[in-house]
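Below: one structure, written as structure tokens.
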Amino acid sequence: MSQIDLFSQPSKSIEKVEYRLKDGHLVYYPSFFSLSKVNYELLKEIINWRQDSITIYGRTHLIPRLQAWYSDKFDYSYSGVKLERNNFNEPLKVLLNEISKVSNYKFNGCLCNLYRNGSDYASWHSDDEDSLGRNPEIASVSFGEMRKFSLKHRFDKSLEKVEIELKDGSLLLMTGATQHHWKHQLCKTAKIVEPRINLTFRGIR
């Protein structure tokens, strides 16, 4: 069996958890992919990781994680950060094929993030760039250390935060109007944690 064949294997038993939120909808598969260590090691090796900078209020900071953008056709930027485009490699295509079995959304790009330790994080934001169109679906795949993922409503402060422990080999679909009404973050942690790779597939319009 080839390395790609190993990489492509989904879990044989797929648990599904739905979160029907006000103005949003999440579908979480805690164990979507099997052989997660193989997937993690391969992705860590073949993705063209880089650390970009972001300027906030006139001050430039290193983004607290490594990242890379993959698409055969489209460029992508967010918060003034212009990402260098890489063409889809075979492992990402294989992953996308597996995700398409539970989502009919047309994904054509993937933002890859490598969180090296508990100090690497993603602050509160929404994936609502104009290039993603109205009601974009985001497919978030995790390999490596489990990390806490939080969401909060952008306008209704009476709603409680939603917190999900994103497990190794999991898939989270954020659908409907979620990106227009909810923000999300990957929290920092003071605990000693192993690295985590997160792939967020999205569709550029």
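Every chain in the structure tokens takes a letter, A first, then B, and so on in the order presented; its residues are numbered from 1, and the ligands are numbered from 1 following the presented order.
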Name the residues of chain A that fall into strand (DSSP E) according to DSSP on the backbone, using the chain letters and numbers of this document, as an mmCIF file with C-alpha atoms, in the first residue's frame.
data_model
loop_
_atom_site.group_PDB
_atom_site.id
_atom_site.type_symbol
_atom_site.label_atom_id
_atom_site.label_comp_id
_atom_site.auth_asym_id
_atom_site.auth_seq_id
_atom_site.Cartn_x
_atom_site.Cartn_y
_atom_site.Cartn_z
ATOM 1 C CA VAL A 17 -22.437 15.712 16.210
ATOM 2 C CA GLU A 18 -24.588 18.664 15.081
ATOM 3 C CA TYR A 19 -24.697 22.113 16.672
ATOM 4 C CA ARG A 20 -27.792 24.029 15.577
ATOM 5 C CA LEU A 21 -26.907 27.545 16.659
ATOM 6 C CA GLY A 24 -25.339 29.200 12.390
ATOM 7 C CA HIS A 25 -24.828 25.479 11.972
ATOM 8 C CA LEU A 26 -21.875 23.206 12.788
ATOM 9 C CA VAL A 27 -21.360 19.541 11.979
ATOM 10 C CA TYR A 28 -18.538 17.822 13.874
ATOM 11 C CA TYR A 29 -17.019 14.432 13.091
ATOM 12 C CA SER A 53 3.653 39.126 9.500
ATOM 13 C CA ILE A 54 0.580 41.217 10.201
ATOM 14 C CA THR A 55 0.357 44.976 10.863
ATOM 15 C CA ILE A 56 -2.127 46.113 13.505
ATOM 16 C CA ARG A 59 2.817 47.855 14.510
ATOM 17 C CA THR A 60 4.022 44.743 12.692
ATOM 18 C CA HIS A 61 3.962 41.379 14.450
ATOM 19 C CA LEU A 62 4.785 37.818 13.467
ATOM 20 C CA LEU A 66 3.030 28.828 10.553
ATOM 21 C CA GLN A 67 0.756 28.835 7.526
ATOM 22 C CA ALA A 68 0.488 28.145 3.797
ATOM 23 C CA TRP A 69 -2.150 28.676 1.103
ATOM 24 C CA TYR A 70 -2.951 26.062 -1.542
ATOM 25 C CA TYR A 76 -6.150 34.621 -1.014
ATOM 26 C CA SER A 77 -5.618 37.320 1.578
ATOM 27 C CA TYR A 78 -7.066 38.229 4.957
ATOM 28 C CA VAL A 81 -1.964 39.506 4.777
ATOM 29 C CA LYS A 82 -1.363 38.382 1.189
ATOM 30 C CA LEU A 83 -0.571 34.679 1.033
ATOM 31 C CA ARG A 85 -0.132 30.579 -3.604
ATOM 32 C CA ASN A 86 0.940 26.935 -3.876
ATOM 33 C CA GLY A 109 -8.530 26.396 -1.727
ATOM 34 C CA CYS A 110 -6.996 25.362 1.570
ATOM 35 C CA LEU A 111 -5.431 27.499 4.301
ATOM 36 C CA CYS A 112 -2.993 25.324 6.248
ATOM 37 C CA ASN A 113 -1.934 26.208 9.794
ATOM 38 C CA LEU A 114 0.734 24.639 11.988
ATOM 39 C CA TYR A 115 0.409 25.372 15.699
ATOM 40 C CA ALA A 122 -5.655 32.167 16.253
ATOM 41 C CA SER A 123 -7.423 35.196 17.744
ATOM 42 C CA TRP A 124 -11.136 35.965 17.386
ATOM 43 C CA HIS A 125 -12.153 36.296 13.724
ATOM 44 C CA ILE A 138 -15.503 26.014 5.932
ATOM 45 C CA ALA A 139 -14.223 22.447 6.344
ATOM 46 C CA SER A 140 -11.696 22.298 9.173
ATOM 47 C CA VAL A 141 -9.515 19.188 9.490
ATOM 48 C CA SER A 142 -7.240 18.610 12.504
ATOM 49 C CA PHE A 143 -4.220 16.342 12.888
ATOM 50 C CA GLY A 144 -1.992 16.185 15.958
ATOM 51 C CA ARG A 147 -6.923 21.953 21.009
ATOM 52 C CA LYS A 148 -9.917 23.953 22.238
ATOM 53 C CA PHE A 149 -11.923 25.771 19.559
ATOM 54 C CA SER A 150 -14.312 28.513 20.730
ATOM 55 C CA LEU A 151 -17.135 30.436 19.044
ATOM 56 C CA LYS A 152 -19.105 33.501 20.141
ATOM 57 C CA HIS A 153 -21.997 35.348 18.507
ATOM 58 C CA VAL A 162 -19.598 27.301 22.190
ATOM 59 C CA GLU A 163 -16.451 25.277 22.880
ATOM 60 C CA ILE A 164 -15.331 22.152 21.027
ATOM 61 C CA GLU A 165 -12.232 20.066 21.671
ATOM 62 C CA LEU A 166 -10.960 19.444 18.135
ATOM 63 C CA LEU A 171 -13.522 17.235 10.719
ATOM 64 C CA LEU A 172 -15.612 20.309 11.556
ATOM 65 C CA LEU A 173 -17.983 21.811 8.980
ATOM 66 C CA MET A 174 -19.111 25.401 9.591
ATOM 67 C CA THR A 175 -22.088 26.020 7.331
ATOM 68 C CA TRP A 182 -20.202 34.074 14.736
ATOM 69 C CA LYS A 183 -16.510 34.606 15.477
ATOM 70 C CA HIS A 184 -14.155 31.790 16.371
ATOM 71 C CA GLN A 185 -10.702 31.340 17.839
ATOM 72 C CA LEU A 186 -8.157 28.679 18.710
ATOM 73 C CA ARG A 196 -1.214 20.507 15.633
ATOM 74 C CA ILE A 197 -1.913 20.872 11.923
ATOM 75 C CA ASN A 198 -5.209 22.407 10.866
ATOM 76 C CA LEU A 199 -6.436 22.513 7.274
ATOM 77 C CA THR A 200 -9.343 24.820 6.462
ATOM 78 C CA PHE A 201 -10.789 24.133 3.031
ATOM 79 C CA ARG A 202 -12.825 26.983 1.547
#
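Residues lying within 9 Å of A:His180, counting only C-alpha atoms and ignoring same-chain neighbours fewer than 5 positions away, are A:Asp23, A:Gly24, A:Ser126, A:Asp127, A:Asp128, A:Arg134, A:Asn135, A:Pro136, A:Arg154.
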Under the rule that only C-alpha atoms are counted, which of A:Asp156, A:Glu84, A:Glu129, A:Glu145 is the nearest residue to A:Lys191?
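Among A:Asp156, A:Glu84, A:Glu129, A:Glu145, it is A:Glu145 that comes nearest to A:Lys191.
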Go through A:Gly133, A:Asp52, A:Val102, A:Gly203 one by one, measure the shortest atom-to-atom distance of each to A:Gly80 using only C-alpha atoms, and give the residue with the smallest value.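 Result for the nearest residue to A:Gly80: A:Asp52.
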- request: Would you please extract all alpha helix (DSSP H) residues from stretch 73-117 of chain A, as assigned by DSSP on the backbone, and give them as a PyMOL selection string?
  value: chain A and resi 90-99
Min atom-atom distance to A:Lys44 from the set A:Arg116, A:Asp75, A:His181, A:Glu160, counting only C-alpha atoms, belongs to A:Arg116
What separation in Å, quoted to one decimal, exists between atom CA of A:Met146 and atom CA of A:Val193?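 Here the two named atoms are 8.5 Å from each other.
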Atom CA of A:Arg65 sits from atom CA of A:Tyr121 at a separation of 6.5 Å
message: With only C-alpha atoms as the counted atoms, please give the residues lying no more than 7 Å from A:Asn117, apart from itself and same-chain residues fewer than 3 positions off, as a PyMOL selection string.
response: chain A and resi 120+193-195
